[in-house]
Each structure stands twice: as structure tokens, then as C-alpha cells.
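Presented below is the structure to which this report refers.
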Amino acid sequence: MFFIDSSIADNIGSALSSMSLWTAVAKSVLIILVGFTMTKLRIFPENTGKILSKIVMKVALPCLAFGAFMTTITTETFNSAIFSFFYGFFIYVAFIFLAKLIFKWVKDPTQRKVLEILFVFGSTTFFGQPLINAVFPAAYNDSNMFNIAYRVFLYSYAYISICNNDDATITDTSLTEKKKSSVGIATMLKRIFVNPIIIATLVGFVLWALQLIPGSTDVNNWWVISFNEKTGVFWNIQISLPWLYNTVKTIGGLSSPLVWIAIGCTLGKVSFKAAVGDKKVWAYCLIKVLVGPILNFVLLLLINMIPVFNVTFTTVAATTIMWAVPPATVAVTYCINSDKCATFASSCSLLSTLTSVVFIPVYMILLTIVQSAGIFA
């Protein structure tokens with residue numbers, strides 16, 4: 001565990017004077033405003049946001065996920081990624097139970113369940129990861145590993161909770177309940193694992209981890225190459241196929257600006273009247289943007305005090321920002337398709353997006369101060 005070796009004032013000054021931080025914050029806000037303005041002026045077609053979202057989810061983010069692992073591995077970065085993986089499953093189980101306590105005050109059982117799901121499952125992939133890559137790129141691999149647990153629970157627990165096992169894709173009434181259940185399980189597993197981002201993450205992680213094989217820097221071994229004054233395993237395409245790596249990196253780099261434009265497009269075509277008049281929606285937004293990130297940070301701080309654990313800053317940065325994002329589009333879609341408080345869920349998504357845009361830059365600044373302070377490895 002690292003100790004603070006400089007004054008708090010110096011750490012704050014160092015963090016706030018970071019031009020890269022302010023550049024990242026300004027870029028995200030200004031590009032969101034571009035999407036918002038172009039949509040309000042009707043310069044962009046109505047479906048621009050959806051098209052950009054598909055490009056990001058199907059092409060840009062898989063490239064970003066895979067390319068992030070095409071770097072030289074160290075024991076520290078590997079341990080941090082593994083910790084993020086197991087921590088993801090732990091924290092999601094914990095927050096699922098925590099959400100039941102937080103929203104116990106909501107009398108309507110359907111609204112309560114919707115709020116629980118929207119609190120636990122944020123837009124980590126679409127909203128959070130591009131921001132992490134822009135501000136804390138070293139934390140991106142940790143976000144990938146953390147996100148595996150997110151997808152497992154999003155397409156299983158969240159789906160069952162909202163849709164009540166009523167799979168809309170099953171239309172043959174002659175199917176037995178057992179067959180329906182089998183089809184439902186198969187559909188969930190497909191959504192979890194037959195997914196471009198998950199596939200790219202798992203393949204990239206395996207290739208990245210294989211660099212720990214003894215002798216991976218010895219050019220006398222057949223699997224080690226030396227090219228352009230770089231030495232490493234041949235499956236690290238940053239070394240062996242730099243032209244391919246740079247192409248993947250360029251496509252992955254599109255994710256941040258495209259996501260920010262898509263967010264602006266979404267904000268530009270919705271009405272705020274219904275959302276702002278519901279006190280429950282405002283309560284949800286504040287709980288979502290404050291409770292999740294702060295509890296996550298405090299929990300990691302406590303874990304870091306246990307001698308056997310060494311929590312890295314990359315884990316802290318990745319997970320804190322991912323708890324501050326608005327609810328997952330998939331979770332809101334569950335509510336709409338199942339007719340479970342569809343308008344209420346959409347209102348939560350809208351206002352939560354606005355509050356996240358306001359609070360996430362604050363968390364970025366605070367995390368930069370934490371990094372400067374050296375509290376985590």
C-alpha cells in the first residue's frame with residue numbers, strides 16, 4: 001500500500017493543472033453538445049443515434065477491447081485485471097442485494113424492481129468504457145475484465161427480473177414449458193457469450209496472458225520475434241503486424257467521439273416535461289450517480305487495507321466511473337418490451353444521462369487527485 005508523500009494542496013494542484021484531464025473533459029462535453037445541437041436543428045437524421053450506437057457496439061468497441069490487450073504484459077497489470085474480474089462478480093452480487101434495501105421505500109413493486117435493475121446495471125460498455133479510454137487509458141483492460149460480470153448478470157438476472165422468463169421471441173404456443181425454458185436459457189447464453197465485445201475481450205485477454213510464458217522475451221524461442229526494434233511474442237500484433245494493430249487502434253479510437261455524438265442525439269430528441277415532474281426519477285438519479293461510485297470507492301479503499309490485497313488505481317478508476325454512468329439501454333429496453341413502467345424507465349434513463357454528464361467530469365477530477373496522491377498502487 002502506498003502512502004501520501006506530499007501535501008493535499010500539492011496533489012490537488014497537480015491534478016487540476018493536468019491539461020490532459022481538462023482536454024478529455026472538454027472533448028466529451030463539447031462533442032455531446034455537437035450531437036445535441038445537430039439533432040435540435042434537425043441537421044442529423046432522426047435515426048443517427050441508433051446507427052452510431054450500432055457502429056460502436058458491433059465494430060468500434062470490439063476493436064478497442066482487443067487492441068487494448070495488444071500490449072506488453074507485466075505481473076502487476078495481469079494481477080490487476082484478474083482482481084477486476086473477480087471483484088466484478090463480487091460487487092454485482094453485493095449491489096443486487098443492496099438495491100433491494102435502497103429502494104425499499106418505493107411502494108409500487110413493479111417500479112421498485114425497475115429502479116433496482118436500473119441502479120445495478122449501468123451503461124458501462126457504451127457510456128463508461130469510452131470515457132475511461134479517453135481519460136485513464138491504462139485502466140481500460142481492467143474495465144474489460146470487470147465488465148464480464150456485468151454482461152453475465154445483465155443478460156440473466158436483469159432479464160429474468162424484468163421479463164419474468166417471458167421470452168418475446170417464443171411464439172409457438174405448442175412448445176412445452178420445458179422447451180420454452182430451454183430456449184430462454186439458450187437465448188441468454190447467446191446474449192452473454194456470442195457477443196462481439198465479449199469475444200474480443202476473451203480472445204484479447206488470453207493472448208495477452210500468454211505473454212507470461214517463460215522465455216517470451218528470448219528471441220531464440222520460435223514464438224518470439226524482433227521487429228522494428230521491438231521484441232515479443234508473435235501473437236502480439238502490435239509487434240508482429242503493426243499495420244493491422246494501427247488499423248484496429250484507429251477503429252477503436254472512433255468509439256469515444258461516436259458515443260458522445262450519439263448521447264447528444266439522444267438528449268436532443270426527447271422531452272423533459274414528463275421526467276422532471278417525477279420525484280422518484282430525481283431520487284433515482286441522485287442515488288445512481290452518488291451512492292454507487294462512492295460506495296465502490298470506499299469498498300476498494302477498505303479492501304486495499306487488507307495486507308493480502310493490493311488494489312491498483314486502474315481498478316479504482318475503471319469501476320468508479322462505470323458505477324456513475326446512466327442505466328443500461330438493454331435494461332430500459334427490457335422494461336419497454338415487457339411493458340413494465342416503460343415511461344418511468346425512459347424518464348430515469350433521460351435524467352440520469354444528464355446527471356451523469358454533470359457528475360462524471362467531477363469524478364474524473366477527483367480520481368486524478370487520488371492518483372496524484374498515490375493512495376493506490
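Chain labels follow the order of the C-alpha cells: the first chain is A, the next B, and so on; residue numbering restarts at 1 in every chain, and ligands are counted from 1 in their shown order.
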
From a backbone DSSP assignment, name each residue in region 249-342 of chain A labelled helix (DSSP H, G or I), as a PyMOL selection string. chain A and resi 249-253+255-268+273-276+279-304+313-323+329-337+342

Go through region 93-130 of chain A and flag each residue having an atom no more than 12 Å from region 62-68 of chain A; for those, report the closest pair of atoms plus their distance in Å to one decimal, using only C-alpha atoms, ordered by chain and rising number, as JSON lines.
```
{"residue": "A:Thr125", "atom": "CA", "partner": "A:Ala65", "partner_atom": "CA", "distance": 10.2}
{"residue": "A:Phe126", "atom": "CA", "partner": "A:Pro62", "partner_atom": "CA", "distance": 11.3}
{"residue": "A:Gln129", "atom": "CA", "partner": "A:Ala65", "partner_atom": "CA", "distance": 9.4}
{"residue": "A:Pro130", "atom": "CA", "partner": "A:Leu64", "partner_atom": "CA", "distance": 9.0}
```

Hey, which of A:Ile197, A:Cys348, A:Leu210, A:Ile162 ends up closest to Pro109 (chain A)? Count only C-alpha atoms.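 Of all the options, A:Ile162 lies closest to Pro109 (chain A).
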
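Residues within 8 Å of region 149-158 of chain A, counting only C-alpha atoms and excluding same-chain residues fewer than 3 positions away, are A:Phe85, A:Gly88, A:Phe89, A:Tyr92, A:Ile117, A:Phe121, A:Met145, A:Phe146, A:Ser161, A:Ile162, A:Met188, A:Leu189, A:Arg191, A:Ile192, A:Ala331.
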
What does the file look like for those residues with C-alpha atoms, as a compact mmCIF listing (two decimals), in the first residue's frame?
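Result written to result.txt:
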```
# COMPACT_ATOMS: atom_id res chain seq x y z
CA PHE A 85 -12.62 -9.81 -12.96
CA GLY A 88 -16.86 -7.58 -10.73
CA PHE A 89 -18.79 -10.71 -9.73
CA TYR A 92 -22.60 -7.05 -8.67
CA ILE A 117 -32.32 -3.08 -12.04
CA PHE A 121 -26.92 -2.12 -14.41
CA MET A 145 -12.45 -7.73 -17.18
CA PHE A 146 -14.84 -6.04 -14.75
CA SER A 161 -36.31 -9.96 -13.11
CA ILE A 162 -37.98 -7.67 -15.65
CA MET A 188 -29.44 -15.74 -22.51
CA LEU A 189 -26.21 -17.67 -23.03
CA ARG A 191 -26.54 -12.84 -25.50
CA ILE A 192 -23.77 -13.24 -22.93
CA ALA A 331 -32.25 -2.79 -19.16
```

Of the listed residues A:Thr343, A:Ala81, A:Leu98, A:Ala318, that which approaches Thr201 (chain A) most closely, counting only C-alpha atoms: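 Checking each candidate against Thr201 (chain A), we get A:Ala81 as the closest.
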